[in-house]
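Shown here: data.csv, CSV, C-alpha atoms and all ligand atoms.
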```csv
chain,number,residue,atom,x,y,z
A,1,MET,CA,170.3,144.4,142.6
A,2,GLU,CA,166.6,143.3,142.4
A,3,THR,CA,165.5,146.8,141.4
A,4,VAL,CA,167.9,146.9,138.4
A,5,ILE,CA,166.5,143.7,136.9
A,6,GLU,CA,162.9,144.6,137.8
A,7,HIS,CA,163.1,147.7,135.5
A,8,TRP,CA,164.7,145.9,132.6
A,9,ASP,CA,162.8,144.2,129.8
A,10,GLY,CA,165.7,141.9,128.8
A,11,ARG,CA,165.8,138.1,128.7
A,12,VAL,CA,168.8,136.8,130.8
A,13,CYS,CA,171.2,138.4,133.2
A,14,CYS,CA,173.8,136.2,134.9
A,15,SER,CA,176.5,137.2,137.3
A,16,ARG,CA,179.5,135.4,138.8
A,17,TYR,CA,181.9,136.5,141.5
A,18,ASP,CA,185.5,135.3,141.7
A,19,ALA,CA,186.9,135.7,145.2
A,20,GLU,CA,190.4,135.1,144.1
A,21,THR,CA,190.7,138.2,141.9
A,22,GLY,CA,187.7,140.1,143.3
A,23,ALA,CA,186.2,140.4,139.8
A,24,PHE,CA,182.4,140.4,139.4
A,25,LEU,CA,181.4,139.2,136.0
A,26,THR,CA,177.9,139.9,134.4
A,27,VAL,CA,176.5,138.9,131.0
A,28,ALA,CA,173.2,140.4,130.0
A,29,ILE,CA,171.2,139.3,127.0
A,30,HIS,CA,168.5,141.8,126.1
A,31,SER,CA,167.1,140.4,122.9
A,32,ARG,CA,167.6,137.6,120.4
A,33,GLN,CA,164.8,138.6,118.1
A,34,LEU,CA,167.0,139.5,115.1
A,35,GLY,CA,169.6,136.8,115.8
A,36,PRO,CA,172.1,135.7,118.5
A,37,ALA,CA,172.8,138.5,121.0
A,38,THR,CA,176.0,140.4,120.7
A,39,GLY,CA,177.8,143.2,122.5
A,40,GLY,CA,181.3,143.9,123.8
A,41,THR,CA,183.0,143.0,127.1
A,42,ARG,CA,183.6,146.1,129.2
A,43,ALA,CA,186.2,145.7,132.0
A,44,MET,CA,186.6,148.5,134.5
A,45,ALA,CA,186.2,149.4,138.2
A,46,TYR,CA,182.7,150.3,139.3
A,47,PRO,CA,181.6,152.0,142.6
A,48,SER,CA,179.2,149.1,143.3
A,49,ARG,CA,178.2,145.8,141.8
A,50,GLU,CA,174.6,147.1,141.4
A,51,LEU,CA,176.0,149.8,139.1
A,52,ALA,CA,177.9,147.2,137.1
A,53,VAL,CA,174.8,145.1,136.6
A,54,GLY,CA,172.8,148.3,135.7
A,55,ASP,CA,175.5,149.2,133.1
A,56,ALA,CA,175.4,145.7,131.6
A,57,THR,CA,171.6,145.7,131.3
A,58,ARG,CA,171.3,149.2,129.9
A,59,LEU,CA,174.2,148.6,127.4
A,60,ALA,CA,172.6,145.3,126.3
A,61,SER,CA,169.3,147.1,125.6
A,62,SER,CA,171.2,149.7,123.6
A,63,MET,CA,172.9,146.9,121.6
A,64,THR,CA,169.5,145.7,120.5
A,65,HIS,CA,168.7,149.1,119.1
A,66,LYS,CA,172.1,149.4,117.5
A,67,MET,CA,171.9,146.1,115.6
A,68,ALA,CA,168.3,146.9,114.5
A,69,VAL,CA,169.1,150.4,113.1
A,70,ALA,CA,172.3,149.1,111.4
A,71,GLY,CA,170.3,146.4,109.7
A,72,LEU,CA,172.4,143.6,111.2
A,73,PRO,CA,171.0,140.1,111.9
A,74,MET,CA,171.9,140.1,115.6
A,75,GLY,CA,170.3,140.8,119.0
A,76,GLY,CA,171.6,142.8,121.9
A,77,GLY,CA,173.7,141.8,124.8
A,78,LYS,CA,176.7,143.0,126.9
A,79,SER,CA,179.3,141.8,129.3
A,80,VAL,CA,180.6,143.8,132.2
A,81,ILE,CA,183.6,142.7,134.3
A,82,ALA,CA,183.6,144.9,137.4
A,83,LEU,CA,187.2,144.9,138.6
A,84,PRO,CA,188.4,145.5,142.1
A,85,ARG,CA,190.7,148.3,140.9
A,86,ASP,CA,191.7,150.1,137.6
A,87,ARG,CA,192.2,147.8,134.7
A,88,ARG,CA,195.8,149.0,134.4
A,89,GLU,CA,196.5,147.7,137.9
A,90,ILE,CA,195.3,144.2,137.3
A,91,GLY,CA,198.3,141.8,136.9
A,92,GLU,CA,198.7,139.4,133.9
A,93,ALA,CA,197.9,136.3,135.9
A,94,ASP,CA,194.7,137.7,137.4
A,95,TRP,CA,193.6,139.1,134.1
A,96,HIS,CA,194.1,135.7,132.4
A,97,ARG,CA,192.1,134.0,135.2
A,98,ILE,CA,189.2,136.5,134.7
A,99,LEU,CA,189.2,135.8,130.9
A,100,VAL,CA,189.1,132.1,131.6
A,101,LEU,CA,186.0,132.5,133.8
A,102,HIS,CA,184.3,134.8,131.3
A,103,ALA,CA,185.0,132.3,128.5
A,104,GLU,CA,183.3,129.6,130.7
A,105,THR,CA,180.2,131.7,130.8
A,106,LEU,CA,180.3,132.3,127.0
A,107,ALA,CA,180.7,128.5,126.5
A,108,THR,CA,177.7,127.9,128.8
A,109,LEU,CA,175.6,130.3,126.8
A,110,ASN,CA,176.5,128.2,123.8
A,111,GLY,CA,176.1,130.8,121.1
A,112,SER,CA,173.1,132.7,122.5
A,113,TYR,CA,175.6,135.5,123.0
A,114,TRP,CA,178.7,136.5,121.2
A,115,THR,CA,181.1,139.1,122.7
A,116,GLY,CA,183.6,141.5,121.3
A,117,PRO,CA,185.9,144.3,122.4
A,118,ASP,CA,184.8,147.3,124.5
A,119,VAL,CA,186.3,149.6,127.1
A,120,GLY,CA,189.1,147.7,128.9
A,121,THR,CA,189.3,144.8,126.5
A,122,SER,CA,191.3,144.4,123.2
A,123,SER,CA,191.6,142.1,120.2
A,124,ALA,CA,194.3,140.2,122.1
A,125,ASP,CA,191.7,139.4,124.8
A,126,MET,CA,189.2,138.3,122.1
A,127,ASP,CA,191.9,135.9,120.8
A,128,VAL,CA,191.9,134.3,124.3
A,129,LEU,CA,188.1,134.3,124.7
A,130,HIS,CA,187.5,132.9,121.2
A,131,GLY,CA,189.9,130.1,121.9
A,132,LEU,CA,188.6,129.2,125.3
A,133,SER,CA,184.9,129.7,124.8
A,134,GLY,CA,184.5,127.6,121.6
A,135,GLY,CA,184.5,130.6,119.3
A,136,TYR,CA,182.0,133.0,120.7
A,137,ALA,CA,184.1,136.2,120.4
A,138,PHE,CA,184.3,138.7,117.6
A,139,GLY,CA,187.2,141.0,116.9
A,140,ARG,CA,190.2,138.7,117.2
A,141,SER,CA,193.5,140.1,116.0
A,142,GLU,CA,194.4,139.8,112.4
A,143,ALA,CA,197.3,137.6,113.4
A,144,ALA,CA,194.8,135.1,115.0
A,145,GLY,CA,192.7,135.1,111.9
A,146,GLY,CA,190.2,137.8,113.0
A,147,PRO,CA,189.2,141.2,111.5
A,148,GLY,CA,191.1,143.2,114.1
A,149,SER,CA,189.9,146.1,116.3
A,150,SER,CA,186.5,147.6,115.8
A,151,ALA,CA,187.7,151.0,116.8
A,152,PRO,CA,188.8,152.4,113.3
A,153,GLU,CA,185.4,151.7,111.8
A,154,THR,CA,183.7,153.1,114.9
A,155,ALA,CA,185.7,156.3,114.4
A,156,HIS,CA,184.9,156.3,110.7
A,157,GLY,CA,181.2,156.2,111.5
A,158,VAL,CA,181.5,158.9,114.2
A,159,TYR,CA,183.3,161.1,111.8
A,160,VAL,CA,180.5,160.6,109.1
A,161,GLY,CA,178.0,161.3,111.9
A,162,ILE,CA,179.7,164.4,113.0
A,163,ARG,CA,179.5,165.9,109.5
A,164,GLU,CA,175.9,164.9,109.1
A,165,SER,CA,174.9,166.3,112.5
A,166,ALA,CA,176.8,169.5,111.8
A,167,ARG,CA,175.0,169.9,108.5
A,168,GLU,CA,171.8,169.7,110.4
A,169,VAL,CA,172.6,172.9,112.3
A,170,GLY,CA,173.9,174.6,109.1
A,171,ILE,CA,177.7,173.8,109.5
A,172,SER,CA,178.8,172.4,106.2
A,173,ASP,CA,182.6,172.6,106.8
A,174,LEU,CA,184.4,171.8,110.1
A,175,ALA,CA,187.3,174.2,109.2
A,176,GLY,CA,187.7,176.7,112.0
A,177,ARG,CA,184.9,175.1,114.1
A,178,ARG,CA,185.6,174.2,117.8
A,179,VAL,CA,185.3,170.5,118.1
A,180,LEU,CA,185.7,169.1,121.7
A,181,VAL,CA,186.7,165.4,121.9
A,182,GLN,CA,186.3,163.9,125.4
A,183,GLY,CA,188.3,160.7,125.7
A,184,LEU,CA,191.4,160.1,123.5
A,185,GLY,CA,191.3,156.3,123.4
A,186,ALA,CA,191.1,154.0,120.4
A,187,VAL,CA,188.1,155.8,119.0
A,188,GLY,CA,188.5,159.3,120.3
A,189,MET,CA,192.1,159.8,119.1
A,190,ASP,CA,191.2,158.6,115.6
A,191,VAL,CA,188.2,161.0,115.4
A,192,ALA,CA,190.4,163.8,116.7
A,193,ARG,CA,192.9,163.1,113.9
A,194,ARG,CA,190.1,163.2,111.3
A,195,VAL,CA,188.5,166.4,112.4
A,196,ALA,CA,191.9,168.1,112.9
A,197,ALA,CA,192.7,167.1,109.3
A,198,ASP,CA,189.5,169.0,108.2
A,199,GLY,CA,190.9,172.1,109.9
A,200,ALA,CA,188.8,172.0,113.0
A,201,ARG,CA,190.0,173.8,116.1
A,202,LEU,CA,190.5,170.8,118.3
A,203,ILE,CA,189.8,170.8,122.0
A,204,ALA,CA,190.5,167.6,123.9
A,205,SER,CA,190.4,166.0,127.3
A,206,ASP,CA,191.5,162.7,128.8
A,207,ILE,CA,192.2,161.4,132.3
A,208,ASP,CA,195.5,160.1,130.8
A,209,PRO,CA,198.0,163.0,130.5
A,210,LEU,CA,200.1,161.1,128.0
A,211,ARG,CA,197.2,161.0,125.6
A,212,CYS,CA,196.5,164.7,126.1
A,213,GLU,CA,200.1,165.4,125.3
A,214,VAL,CA,199.9,163.4,122.0
A,215,ALA,CA,196.8,165.4,121.0
A,216,ARG,CA,198.5,168.7,122.0
A,217,THR,CA,201.8,168.1,120.2
A,218,GLU,CA,200.6,166.2,117.1
A,219,LEU,CA,197.2,167.8,116.5
A,220,ASP,CA,197.7,171.2,118.1
A,221,ALA,CA,194.8,170.5,120.5
A,222,GLU,CA,193.9,172.8,123.3
A,223,ILE,CA,193.6,170.6,126.4
A,224,VAL,CA,190.9,171.1,129.0
A,225,ALA,CA,190.7,169.6,132.4
A,226,VAL,CA,188.4,166.6,132.8
A,227,ASP,CA,186.1,168.5,135.1
A,228,ASP,CA,185.8,171.4,132.7
A,229,VAL,CA,184.7,169.5,129.6
A,230,VAL,CA,180.9,170.1,130.0
A,231,SER,CA,181.4,173.8,130.7
A,232,THR,CA,183.7,174.4,127.7
A,233,ALA,CA,182.0,176.2,124.7
A,234,CYS,CA,182.3,174.4,121.4
A,235,ASP,CA,180.4,173.9,118.1
A,236,VAL,CA,180.5,170.1,118.3
A,237,PHE,CA,180.9,168.0,121.4
A,238,VAL,CA,182.3,164.5,120.8
A,239,PRO,CA,182.0,162.3,123.9
A,240,CYS,CA,184.3,159.3,123.4
A,241,ALA,CA,185.0,158.2,127.0
A,242,THR,CA,182.4,156.4,129.1
A,243,GLY,CA,178.6,157.0,129.3
A,244,GLY,CA,176.4,159.0,131.6
A,245,VAL,CA,178.0,162.3,130.7
A,246,ILE,CA,174.8,164.3,130.0
A,247,ASP,CA,172.1,164.5,132.6
A,248,ARG,CA,169.3,167.1,132.5
A,249,ARG,CA,171.3,169.6,134.4
A,250,VAL,CA,174.3,169.3,132.0
A,251,ALA,CA,171.9,169.3,129.0
A,252,SER,CA,170.5,172.6,130.2
A,253,THR,CA,173.9,174.4,130.3
A,254,LEU,CA,176.0,172.6,127.6
A,255,GLU,CA,177.4,175.3,125.3
A,256,THR,CA,177.4,173.5,122.0
A,257,ARG,CA,175.3,173.1,118.9
A,258,VAL,CA,175.9,169.4,118.3
A,259,VAL,CA,176.5,166.3,120.5
A,260,ALA,CA,178.0,163.5,118.3
A,261,GLY,CA,180.4,160.9,119.8
A,262,SER,CA,181.0,157.2,120.3
A,263,ALA,CA,180.3,156.9,124.1
A,264,ASN,CA,177.6,154.3,124.7
A,265,ASN,CA,174.7,155.5,126.8
A,266,VAL,CA,175.9,159.0,126.8
A,267,LEU,CA,172.7,160.3,128.3
A,268,ALA,CA,172.5,159.9,132.1
A,269,ASP,CA,168.7,160.3,132.4
A,270,ASP,CA,165.5,160.2,130.4
A,271,ALA,CA,165.0,164.0,130.4
A,272,ALA,CA,168.4,164.9,129.0
A,273,ALA,CA,167.4,164.3,125.3
A,274,ASP,CA,164.3,166.5,125.6
A,275,VAL,CA,166.3,169.3,127.2
A,276,LEU,CA,168.9,169.2,124.4
A,277,ALA,CA,166.1,169.2,121.8
A,278,SER,CA,164.3,172.1,123.5
A,279,ARG,CA,167.6,174.1,123.3
A,280,GLY,CA,168.0,173.3,119.6
A,281,ILE,CA,171.1,171.2,120.2
A,282,VAL,CA,171.3,168.3,117.7
A,283,LEU,CA,172.1,164.9,119.4
A,284,ALA,CA,173.3,162.1,117.2
A,285,PRO,CA,171.9,159.1,119.1
A,286,ASP,CA,174.8,157.0,120.4
A,287,PHE,CA,173.6,153.7,119.1
A,288,VAL,CA,173.3,155.0,115.6
A,289,ILE,CA,176.5,157.0,115.3
A,290,ASN,CA,178.7,154.4,117.0
A,291,SER,CA,177.5,151.4,115.1
A,292,GLY,CA,180.6,151.3,112.8
A,293,GLY,CA,182.4,148.9,115.1
A,294,GLY,CA,179.4,146.5,115.2
A,295,ILE,CA,179.1,146.8,111.4
A,296,HIS,CA,182.8,145.9,111.1
A,297,LEU,CA,182.6,142.9,113.4
A,298,VAL,CA,179.3,141.4,112.3
A,299,GLY,CA,179.9,142.4,108.6
A,300,ARG,CA,183.3,140.7,108.5
A,301,GLU,CA,182.6,137.7,110.7
A,302,VAL,CA,179.0,136.8,110.2
A,303,LEU,CA,178.1,138.3,106.8
A,304,GLY,CA,181.5,137.7,105.1
A,305,TRP,CA,181.9,141.3,103.9
A,306,THR,CA,185.2,142.6,102.7
A,307,ALA,CA,186.8,145.6,104.4
A,308,ASP,CA,185.6,147.8,101.5
A,309,GLU,CA,182.0,146.6,101.9
A,310,VAL,CA,182.2,147.3,105.6
A,311,SER,CA,183.3,150.9,104.9
A,312,LEU,CA,180.5,151.4,102.5
A,313,HIS,CA,178.0,150.3,105.1
A,314,VAL,CA,179.6,152.6,107.7
A,315,GLU,CA,179.2,155.5,105.3
A,316,ARG,CA,175.4,154.9,105.4
A,317,ILE,CA,175.4,155.9,109.1
A,318,GLY,CA,175.1,159.5,107.6
A,319,ARG,CA,171.9,158.6,105.8
A,320,THR,CA,170.4,156.8,108.9
A,321,LEU,CA,171.1,159.9,111.0
A,322,ALA,CA,169.4,162.1,108.4
A,323,GLU,CA,166.4,159.9,108.6
A,324,VAL,CA,166.4,160.1,112.4
A,325,PHE,CA,166.7,163.9,112.3
A,326,GLU,CA,163.8,164.1,109.8
A,327,ARG,CA,161.6,161.9,111.9
A,328,ALA,CA,162.4,163.9,115.0
A,329,ARG,CA,161.2,167.0,113.1
A,330,THR,CA,158.0,165.6,111.8
A,331,GLU,CA,157.1,163.7,115.0
A,332,ARG,CA,158.2,166.7,117.2
A,333,THR,CA,160.3,164.4,119.4
A,334,SER,CA,163.9,164.3,120.5
A,335,THR,CA,166.3,162.6,118.1
A,336,ASP,CA,166.9,160.0,120.8
A,337,LEU,CA,163.2,159.0,120.8
A,338,ALA,CA,163.1,159.1,117.0
A,339,ALA,CA,166.0,156.7,116.7
A,340,ARG,CA,164.4,154.3,119.3
A,341,ARG,CA,161.2,154.4,117.2
A,342,LEU,CA,163.2,153.6,114.1
A,343,ALA,CA,164.7,150.6,115.9
A,344,ASP,CA,161.3,149.5,117.2
A,345,ASP,CA,159.9,149.6,113.7
A,346,VAL,CA,162.7,147.2,112.5
A,347,LEU,CA,162.0,144.9,115.4
A,348,ALA,CA,158.2,145.0,114.8
A,349,ARG,CA,158.7,144.2,111.1
A,350,SER,CA,160.8,141.2,112.0
A,351,THR,CA,158.1,139.9,114.4
A,352,GLN,CA,155.5,140.3,111.5
A,353,SER,CA,157.8,138.5,109.0
A,354,VAL,CA,158.2,135.6,111.6
A,355,ALA,CA,154.5,135.5,112.2
A,356,SER,CA,153.6,135.5,108.5
B,1,LIG,P1,189.2,153.3,125.1
B,1,LIG,O1,189.2,152.6,126.4
B,1,LIG,O2,190.2,153.0,124.1
B,1,LIG,O3,189.2,154.9,125.3
B,1,LIG,C1,188.5,155.6,126.3
B,1,LIG,C2,189.3,156.8,126.7
B,1,LIG,O4,188.6,157.6,127.5
B,1,LIG,C3,190.6,156.5,127.4
B,1,LIG,O5,191.7,157.2,126.8
B,1,LIG,C4,190.4,157.0,128.8
B,1,LIG,O6,191.5,157.4,129.5
B,1,LIG,C5,189.4,158.1,128.6
B,1,LIG,N1,188.6,158.5,129.7
B,1,LIG,C6,188.0,157.8,130.6
B,1,LIG,N2,187.3,158.5,131.5
B,1,LIG,C7,187.4,159.8,131.1
B,1,LIG,C8,186.9,161.0,131.5
B,1,LIG,N3,186.1,161.1,132.6
B,1,LIG,N4,187.3,162.1,130.8
B,1,LIG,C9,188.1,162.1,129.7
B,1,LIG,N5,188.6,160.9,129.3
B,1,LIG,C10,188.3,159.8,129.9
B,1,LIG,O7,187.7,153.1,124.5
B,1,LIG,P2,187.2,153.2,123.0
B,1,LIG,O8,187.2,151.9,122.4
B,1,LIG,O9,187.9,154.4,122.4
B,1,LIG,O10,185.7,153.5,123.3
B,1,LIG,C11,185.3,154.8,123.7
B,1,LIG,C12,183.8,154.8,123.9
B,1,LIG,O11,183.1,154.5,122.7
B,1,LIG,C13,183.2,153.8,124.9
B,1,LIG,O12,182.1,154.4,125.6
B,1,LIG,C14,182.8,152.6,124.1
B,1,LIG,O13,181.8,151.9,124.7
B,1,LIG,C15,182.3,153.4,122.9
B,1,LIG,N6,182.3,152.5,121.7
B,1,LIG,C16,183.4,151.9,121.3
B,1,LIG,C17,183.4,151.1,120.1
B,1,LIG,C18,184.7,150.5,119.6
B,1,LIG,O14,184.6,149.9,118.5
B,1,LIG,N7,185.8,150.7,120.3
B,1,LIG,C19,182.2,150.9,119.4
B,1,LIG,C20,181.0,151.6,119.9
B,1,LIG,C21,181.1,152.4,121.0
B,2,LIG,N1,181.7,147.3,122.0
B,2,LIG,C1,181.4,147.9,120.7
B,2,LIG,C2,180.0,148.5,120.6
B,2,LIG,O1,179.4,148.8,121.6
B,2,LIG,C3,181.8,147.0,119.5
B,2,LIG,C4,181.0,145.7,119.5
B,2,LIG,C5,179.9,145.7,118.6
B,2,LIG,C6,181.3,144.6,120.2
B,2,LIG,C7,179.2,144.5,118.5
B,2,LIG,C8,180.6,143.4,120.0
B,2,LIG,C9,179.5,143.4,119.2
B,2,LIG,O2,179.5,148.8,119.6
```
Output the structure of this file as structure tokens.
Ligand code: NAI
Ligand code: PHE
Amino acid sequence: METVIEHWDGRVCCSRYDAETGAFLTVAIHSRQLGPATGGTRAMAYPSRELAVGDATRLASSMTHKMAVAGLPMGGGKSVIALPRDRREIGEADWHRILVLHAETLATLNGSYWTGPDVGTSSADMDVLHGLSGGYAFGRSEAAGGPGSSAPETAHGVYVGIRESAREVGISDLAGRRVLVQGLGAVGMDVARRVAADGARLIASDIDPLRCEVARTELDAEIVAVDDVVSTACDVFVPCATGGVIDRRVASTLETRVVAGSANNVLADDAAADVLASRGIVLAPDFVINSGGGIHLVGREVLGWTADEVSLHVERIGRTLAEVFERARTERTSTDLAARRLADDVLARSTQSVAS
């Protein structure tokens, strides 16, 4: 556990174990330089608690970059609830107890960190967390007075980003192109519908056979086994499941021209981005292309934007990606490093404006 924190430049990481449910809850605050920290609550089973803490800290760092490149006045944080088994196997009473404990931590942090939905949590969970924590949860259901799920605007942004990234490799139209969507959840299924509507040849994969069946029957998707995803040839690879999909080995064999999906921290190691770049594969950095959900939550709940204003800001993800690609070309770096430099510039400018 020590090593994870030793290699992290964030501010606070607190964990709590609940013997009754077996849940291990972590909140990581990476930065509050641009405003209070924000980032979703991820609830899933992890092979170890150390990996859960590592995920929380890495995801929190990524949220700092996401908020900065999206121009939002918030810092980066993340919550990870490591469950003793799959989320679907946690009973109602246990889940409610876990949310109560998480809300206690949010209340203790007293507005330094605001959470929102992520893998394994929903708007209904945000209704509970908002009520019990004193209001520190974005993304409540519309019935409870919130702006609803972040997933549709995330999918909107990913779709905008897919088109921009495809243009970068000379693909101006998705019709007839092989687009492989990994993960058919709230974001992935929406993206799949959008690219299918453009006439793309959809290939899809999910651990849930029912979701695969929906994609097959409704969108005419070719289904590939979970283990075959990274060896399946396509024009555009759209990872929308969990992170860590592309390490240097996968990057050196992936048969695609573009990687552009919503999965946070899709790269498993530092070398993967360089390997992709050296092979001419365009990577849309995750914290740029998947910022639509954050724009929706912070736009609606902090900045008072309408749904139309949110949509307009999400469309700008295309321009931001074009800027990242241009920077990667001129600075001869990977797109991942170019995007990090873009975020660092925003953070540096904010330090200067505070100092002046
Ligand atoms: P979700 O939980 O609704 O969907 C994830 C899907 O991936 C599920 O259908 C699950 O069965 C599937 N899956 C899990 N492991 C898989 C595997 N090995 N192979 C294939 N499928 C697998 O989550 P959601 O909201 O769609 O998010 C997807 C990704 O996008 C996550 O990494 C999340 O952090 C990221 N993201 C989501 C945002 C949002 O607004 N929902 C915003 C920004 C990022
Ligand atoms: N979890 C989503 C993300 O990673 C949505 C989110 C954004 C949640 C901002 C809270 C705050 O972008």
Of the candidates A:Lys78, A:His102, A:His30, A:His65, which one gets nearest to Asp345 of chain A if we count only C-alpha atoms? A:His65
Identify which of the residues A:Val12, A:Leu312, A:Cys234, A:Leu202 lies closest to His296 of chain A, counting all atoms listed in the file when measuring atom-to-atom distances.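 Using all atoms listed in the file, the shortest distance to His296 of chain A belongs to A:Leu312.
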Expected answer as a compact mmCIF listing (two decimals) with C-alpha atoms, keeping the file's coordinate frame: residues within 8 Å of ligand LIG 1 (chain B), all atoms listed in the file:
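Saved result, pocket.txt, follows:
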```txt
# COMPACT_ATOMS: atom_id res chain seq x y z
CA ARG A 42 183.60 146.10 129.20
CA PRO A 117 185.90 144.30 122.40
CA ASP A 118 184.80 147.30 124.50
CA VAL A 119 186.30 149.60 127.10
CA GLY A 120 189.10 147.70 128.90
CA THR A 121 189.30 144.80 126.50
CA SER A 149 189.90 146.10 116.30
CA SER A 150 186.50 147.60 115.80
CA ALA A 151 187.70 151.00 116.80
CA PRO A 152 188.80 152.40 113.30
CA GLU A 153 185.40 151.70 111.80
CA THR A 154 183.70 153.10 114.90
CA ALA A 155 185.70 156.30 114.40
CA GLN A 182 186.30 163.90 125.40
CA GLY A 183 188.30 160.70 125.70
CA LEU A 184 191.40 160.10 123.50
CA GLY A 185 191.30 156.30 123.40
CA ALA A 186 191.10 154.00 120.40
CA VAL A 187 188.10 155.80 119.00
CA GLY A 188 188.50 159.30 120.30
CA MET A 189 192.10 159.80 119.10
CA SER A 205 190.40 166.00 127.30
CA ASP A 206 191.50 162.70 128.80
CA ILE A 207 192.20 161.40 132.30
CA ASP A 208 195.50 160.10 130.80
CA ARG A 211 197.20 161.00 125.60
CA VAL A 226 188.40 166.60 132.80
CA ASP A 227 186.10 168.50 135.10
CA VAL A 229 184.70 169.50 129.60
CA PRO A 239 182.00 162.30 123.90
CA CYS A 240 184.30 159.30 123.40
CA ALA A 241 185.00 158.20 127.00
CA THR A 242 182.40 156.40 129.10
CA GLY A 243 178.60 157.00 129.30
CA GLY A 261 180.40 160.90 119.80
CA SER A 262 181.00 157.20 120.30
CA ALA A 263 180.30 156.90 124.10
CA ASN A 264 177.60 154.30 124.70
CA ASN A 265 174.70 155.50 126.80
CA VAL A 266 175.90 159.00 126.80
CA ASP A 286 174.80 157.00 120.40
CA PHE A 287 173.60 153.70 119.10
CA ASN A 290 178.70 154.40 117.00
CA SER A 291 177.50 151.40 115.10
CA GLY A 292 180.60 151.30 112.80
CA GLY A 293 182.40 148.90 115.10
CA GLY A 294 179.40 146.50 115.20
```
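If all atoms listed in the file are the atoms counted, then among A:Thr26, A:Thr351, A:Thr57, A:Ser62 the closest residue to ligand LIG 2 (chain B) is A:Ser62.
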Between A:Val288, A:Leu51, A:Val310, A:Val169, which one has atoms that come closest to ligand LIG 2 (chain B), using only C-alpha atoms and all ligand atoms? A:Val288
Rounded to one decimal place, report the atom CA of Ser350 of chain A-atom CA of Met67 of chain A distance in Å.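 According to the coordinates, atom CA of Ser350 of chain A and atom CA of Met67 of chain A are separated by 12.7 Å.
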Using all atoms listed in the file, collect all residues at a distance of at most 10 Å from (191.9, 134.2, 125.3) as written in the file, then present them as a list of chain:residue names.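 Protein and nucleic acid residues near the point are A:His96, A:Arg97, A:Leu99, A:Val100, A:His102, A:Ala103, A:Ser123, A:Ala124, A:Asp125, A:Met126, A:Asp127, A:Val128, A:Leu129, A:His130, A:Gly131, A:Leu132, A:Ser133, A:Ala137, A:Arg140.
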Please measure the separation of atom CA of Asp269 of chain A and atom CA of Val250 of chain A, giving the value in Å to one decimal.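 Between atom CA of Asp269 of chain A and atom CA of Val250 of chain A the gap is 10.6 Å.
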Could you pull the residues within 8 Å of Phe237 of chain A, counting all atoms listed in the file, minus those fewer than 4 positions along the same chain, as an MDAnalysis selection string? chainID A and resid 179:182 256:261
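In this model, the gap between atom CA of Leu297 of chain A and atom CA of Thr41 of chain A comes to 13.7 Å.
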Close residues, Leu337 of chain A itself excluded, 12 Å, all atoms listed in the file, min 6 positions apart in chain, as JSON, numbers by chain: {"A": [65, 270, 271, 272, 273, 274, 277, 283, 284, 285, 286, 287, 324, 325, 327, 328, 329, 331, 343, 344]}
Please write the residues from the selection above to a file, keeping C-alpha atoms, as a PDB file, in the frame of the given file.
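Saved as result-v9.pdb:
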```pdb
ATOM      1  CA  HIS A  65     168.700 149.100 119.100  1.00  0.00           C
ATOM      2  CA  ASP A 270     165.500 160.200 130.400  1.00  0.00           C
ATOM      3  CA  ALA A 271     165.000 164.000 130.400  1.00  0.00           C
ATOM      4  CA  ALA A 272     168.400 164.900 129.000  1.00  0.00           C
ATOM      5  CA  ALA A 273     167.400 164.300 125.300  1.00  0.00           C
ATOM      6  CA  ASP A 274     164.300 166.500 125.600  1.00  0.00           C
ATOM      7  CA  ALA A 277     166.100 169.200 121.800  1.00  0.00           C
ATOM      8  CA  LEU A 283     172.100 164.900 119.400  1.00  0.00           C
ATOM      9  CA  ALA A 284     173.300 162.100 117.200  1.00  0.00           C
ATOM     10  CA  PRO A 285     171.900 159.100 119.100  1.00  0.00           C
ATOM     11  CA  ASP A 286     174.800 157.000 120.400  1.00  0.00           C
ATOM     12  CA  PHE A 287     173.600 153.700 119.100  1.00  0.00           C
ATOM     13  CA  VAL A 324     166.400 160.100 112.400  1.00  0.00           C
ATOM     14  CA  PHE A 325     166.700 163.900 112.300  1.00  0.00           C
ATOM     15  CA  ARG A 327     161.600 161.900 111.900  1.00  0.00           C
ATOM     16  CA  ALA A 328     162.400 163.900 115.000  1.00  0.00           C
ATOM     17  CA  ARG A 329     161.200 167.000 113.100  1.00  0.00           C
ATOM     18  CA  GLU A 331     157.100 163.700 115.000  1.00  0.00           C
ATOM     19  CA  ALA A 343     164.700 150.600 115.900  1.00  0.00           C
ATOM     20  CA  ASP A 344     161.300 149.500 117.200  1.00  0.00           C
TER      21      ASP A 344
END
```
Of the candidates A:Asp247, A:Asp228, A:Glu301, A:Glu50, which one gets nearest to Ala204 of chain A if we count all atoms listed in the file? A:Asp228
Choose the residue, out of A:Ala251, A:Val245, A:Ala19, A:Arg300, that has the smallest atom-to-atom separation from ligand LIG 2 (chain B); count all atoms listed in the file. A:Arg300
Would you kindly return, as a PyMOL selection string, each protein, DNA or RNA residue with an atom no farther than 9 Å from any atom of segment 173-176 of chain A, considering only C-alpha atoms and excluding same-chain residues fewer than 2 positions away? chain A and resi 163+166-167+171+178-179+195-201
